[in-house]
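Trainee: Take this structure first; my questions come after.
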Amino acid sequence: MSAGTTKTPLVGVLMGSNSDYPVMVAVSEILLKLGVPSEEFVMSAHRTPDRVLKYAQEAEGRGLKAIIAGAGGAAHLAGVIASHTLVPVIGVPIKSKALKGLDSLLSTVNMPPGIPVATMAIDGAKNAGLMAAAIIALTDFDVRERLKIFRVQQSANVPIKPSLPSKP
Ligand code: RP5
């Protein structure tokens with residue numbers, strides 16, 4: 001799934017493996033809702049390093065305004081992408097089987113000073129999309145308005161009084 005595929009993508013949504021897609025699809029879902037054109041690719045800092053390098057080096061020239069990179073385990077995708085481009089990079093640590101994503105979180109967040117990655121929570125794909133949309137909204141009035149409406153609707157969906165789920 002890709003948001004607004006007919007338009008030039010503004011956000012790149014990358015994942016280290018196809019197995020990350022069930023989590024990362026939430027990025028594209030929220031971007032679609034907010035009308036932010038995006039593109040999705042599988043690439044790995046370790047398994048497809050040439051693909052990663054080419055993508056990062058071409059990103060700015062292709063007009064991308066943000067790149068979201070999700071990876072699990074030794075999660076180096078976001079950091080490697082960030083090291084090759086000035087486009088802001090948002091990292092999504094994917095929950096791993098062995099360490100429940102703590103390895104992914106630390107690999108993504110603990111960047112050396114000089115090369116930042118804006119790291120979301122473990123499996124925080126939706127917030128990554130919202131963060132990218134907020135970057136786009138700085139210069140795009142329509143996206144800003146849609147983001148405002150999203151927040152208003154989100155608030156309206158929070159009940160004032162607590163209730164227990166109905167018993168079957
Ligand atoms: C990482 O290794 C990927 O981002 C994925 O989260 C993890 C496992 O990958 P697969 O073995 O499922 O392809 O590189």
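Quick note on naming: the chains in the structure tokens go A, B, ... in the order shown, residues restart at 1 in each chain, and ligands are numbered from 1 in order of appearance.
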Return as a PyMOL selection string every polymer residue, whether protein, DNA or RNA, with at least one atom no more than 12 Å from an atom of ligand 1; count only C-alpha atoms and all ligand atoms.
Mentor: chain A and resi 14-24+41-49+69-78+91-101+103-105+107-108+122-123
Trainee: What parts of range 43-138 of chain A does DSSP call strand (DSSP E or B)? I'd like the answer as a list in words.
Mentor: Ala66, Ile67, Ile68, Ala69, Gly70, Ala71, Gly72, Val89, Ile90, Gly91, Val92, Pro93, Ile94, Ala118 and Thr119 of chain A
Trainee: How would the residues just picked look written out with all heavy atoms as a compact mmCIF listing (two decimals), in the first residue's frame?
Mentor:
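New file out.txt:
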```
# COMPACT_ATOMS: atom_id res chain seq x y z
N ALA A 66 11.11 13.49 3.97
CA ALA A 66 11.36 12.68 5.17
C ALA A 66 11.48 11.22 4.74
O ALA A 66 10.86 10.80 3.75
CB ALA A 66 10.23 12.83 6.18
N ILE A 67 12.30 10.49 5.48
CA ILE A 67 12.45 9.05 5.24
C ILE A 67 12.18 8.34 6.56
O ILE A 67 12.73 8.71 7.60
CB ILE A 67 13.87 8.71 4.74
CG1 ILE A 67 14.14 9.39 3.39
CG2 ILE A 67 14.04 7.18 4.61
CD1 ILE A 67 15.58 9.26 2.91
N ILE A 68 11.32 7.33 6.49
CA ILE A 68 11.03 6.52 7.67
C ILE A 68 11.64 5.14 7.43
O ILE A 68 11.41 4.52 6.39
CB ILE A 68 9.50 6.41 7.87
CG1 ILE A 68 8.92 7.80 8.13
CG2 ILE A 68 9.18 5.45 9.01
CD1 ILE A 68 7.41 7.87 8.07
N ALA A 69 12.44 4.70 8.38
CA ALA A 69 13.11 3.42 8.21
C ALA A 69 12.82 2.52 9.41
O ALA A 69 13.15 2.86 10.55
CB ALA A 69 14.63 3.63 8.06
N GLY A 70 12.22 1.38 9.13
CA GLY A 70 11.92 0.41 10.18
C GLY A 70 12.81 -0.81 10.02
O GLY A 70 13.00 -1.32 8.92
N ALA A 71 13.38 -1.26 11.12
CA ALA A 71 14.21 -2.47 11.09
C ALA A 71 14.25 -3.09 12.48
O ALA A 71 14.02 -2.40 13.49
CB ALA A 71 15.62 -2.16 10.60
N GLY A 72 14.54 -4.39 12.51
CA GLY A 72 14.58 -5.09 13.78
C GLY A 72 15.93 -5.74 14.04
O GLY A 72 16.75 -5.88 13.14
N VAL A 89 15.54 11.69 8.91
CA VAL A 89 15.27 10.24 8.98
C VAL A 89 14.59 9.92 10.32
O VAL A 89 15.06 10.32 11.38
CB VAL A 89 16.57 9.42 8.83
CG1 VAL A 89 16.28 7.93 9.01
CG2 VAL A 89 17.19 9.68 7.45
N ILE A 90 13.50 9.20 10.21
CA ILE A 90 12.73 8.76 11.37
C ILE A 90 12.88 7.25 11.47
O ILE A 90 12.61 6.52 10.51
CB ILE A 90 11.24 9.15 11.20
CG1 ILE A 90 11.11 10.68 11.05
CG2 ILE A 90 10.41 8.64 12.38
CD1 ILE A 90 9.77 11.13 10.51
N GLY A 91 13.31 6.77 12.63
CA GLY A 91 13.55 5.34 12.80
C GLY A 91 12.41 4.65 13.55
O GLY A 91 11.88 5.20 14.52
N VAL A 92 12.06 3.47 13.08
CA VAL A 92 11.05 2.66 13.78
C VAL A 92 11.71 1.34 14.18
O VAL A 92 11.97 0.48 13.33
CB VAL A 92 9.82 2.37 12.89
CG1 VAL A 92 8.80 1.52 13.65
CG2 VAL A 92 9.18 3.66 12.42
N PRO A 93 11.99 1.15 15.47
CA PRO A 93 12.55 -0.14 15.92
C PRO A 93 11.44 -1.19 15.87
O PRO A 93 10.38 -1.01 16.47
CB PRO A 93 12.97 0.14 17.37
CG PRO A 93 12.81 1.62 17.59
CD PRO A 93 11.84 2.11 16.59
N ILE A 94 11.70 -2.27 15.15
CA ILE A 94 10.69 -3.33 15.01
C ILE A 94 10.90 -4.37 16.11
O ILE A 94 12.04 -4.76 16.40
CB ILE A 94 10.81 -4.01 13.63
CG1 ILE A 94 10.66 -2.98 12.50
CG2 ILE A 94 9.79 -5.15 13.49
CD1 ILE A 94 9.29 -2.41 12.31
N ALA A 118 15.57 10.37 14.31
CA ALA A 118 14.44 10.63 15.22
C ALA A 118 13.75 9.29 15.47
O ALA A 118 13.04 8.77 14.61
CB ALA A 118 13.49 11.62 14.57
N THR A 119 14.00 8.72 16.64
CA THR A 119 13.57 7.34 16.90
C THR A 119 12.21 7.29 17.60
O THR A 119 12.00 7.95 18.62
CB THR A 119 14.63 6.62 17.75
OG1 THR A 119 15.89 6.71 17.07
CG2 THR A 119 14.27 5.16 17.96
```
Trainee: Got a sec: who's within 8 Å of range 134-145 of chain A, counting only C-alpha atoms, leaving out chain neighbours fewer than 4 positions off, as a list of chain:residue names?
Mentor: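 My list of contacting residues is A:Leu10, A:Leu34, A:Gly35, A:Val36, A:Lys65, A:Ala66, A:Leu130, A:Ile149.
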Trainee: Find the residue from A:Leu106, A:Gln57, A:Asn127, A:Arg62 that sits nearest to His84 in chain A; use only C-alpha atoms when measuring.
Mentor: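 That would be A:Gln57, the residue with the smallest distance to His84 in chain A.
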Trainee: Measure the distance from CA of Arg146 in chain A to CA of Lys161 in chain A in Å and round it to one decimal.
Mentor: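 Taking CA of Arg146 in chain A as the start and CA of Lys161 in chain A as the end point, the length is 27.5 Å.
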Trainee: Taking the chain letters and numbering used in this document, name the residues of range 44-107 of chain A that DSSP puts in helix (DSSP H, G or I), as a list in words.
Mentor: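 These are the residues in question: Pro49, Asp50, Arg51, Val52, Leu53, Lys54, Tyr55, Ala56, Gln57, Glu58, Ala59, Leu77, Ala78, Gly79, Val80, Ile81, Ala82, Ser83, Leu102, Asp103, Ser104, Leu105, Leu106 and Ser107 of chain A.
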Trainee: Please report the interatomic distance between CA of Val13 in chain A and CA of Ser28 in chain A in Å with one decimal.
Mentor: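 Straight-line distance from CA of Val13 in chain A to CA of Ser28 in chain A works out to 7.6 Å.
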Trainee: Given the choices A:Ala125, A:Gly12, A:Val25, A:Leu53, which gets closest to Glu39 in chain A if the distance is worked out from only C-alpha atoms?
Mentor: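 Among A:Ala125, A:Gly12, A:Val25, A:Leu53, it is A:Gly12 that comes nearest to Glu39 in chain A.
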Trainee: Go ahead and compute the interatomic distance for CA of Gly129 in chain A and CA of Val27 in chain A, in Å to one decimal.
Mentor: 4.7 Å
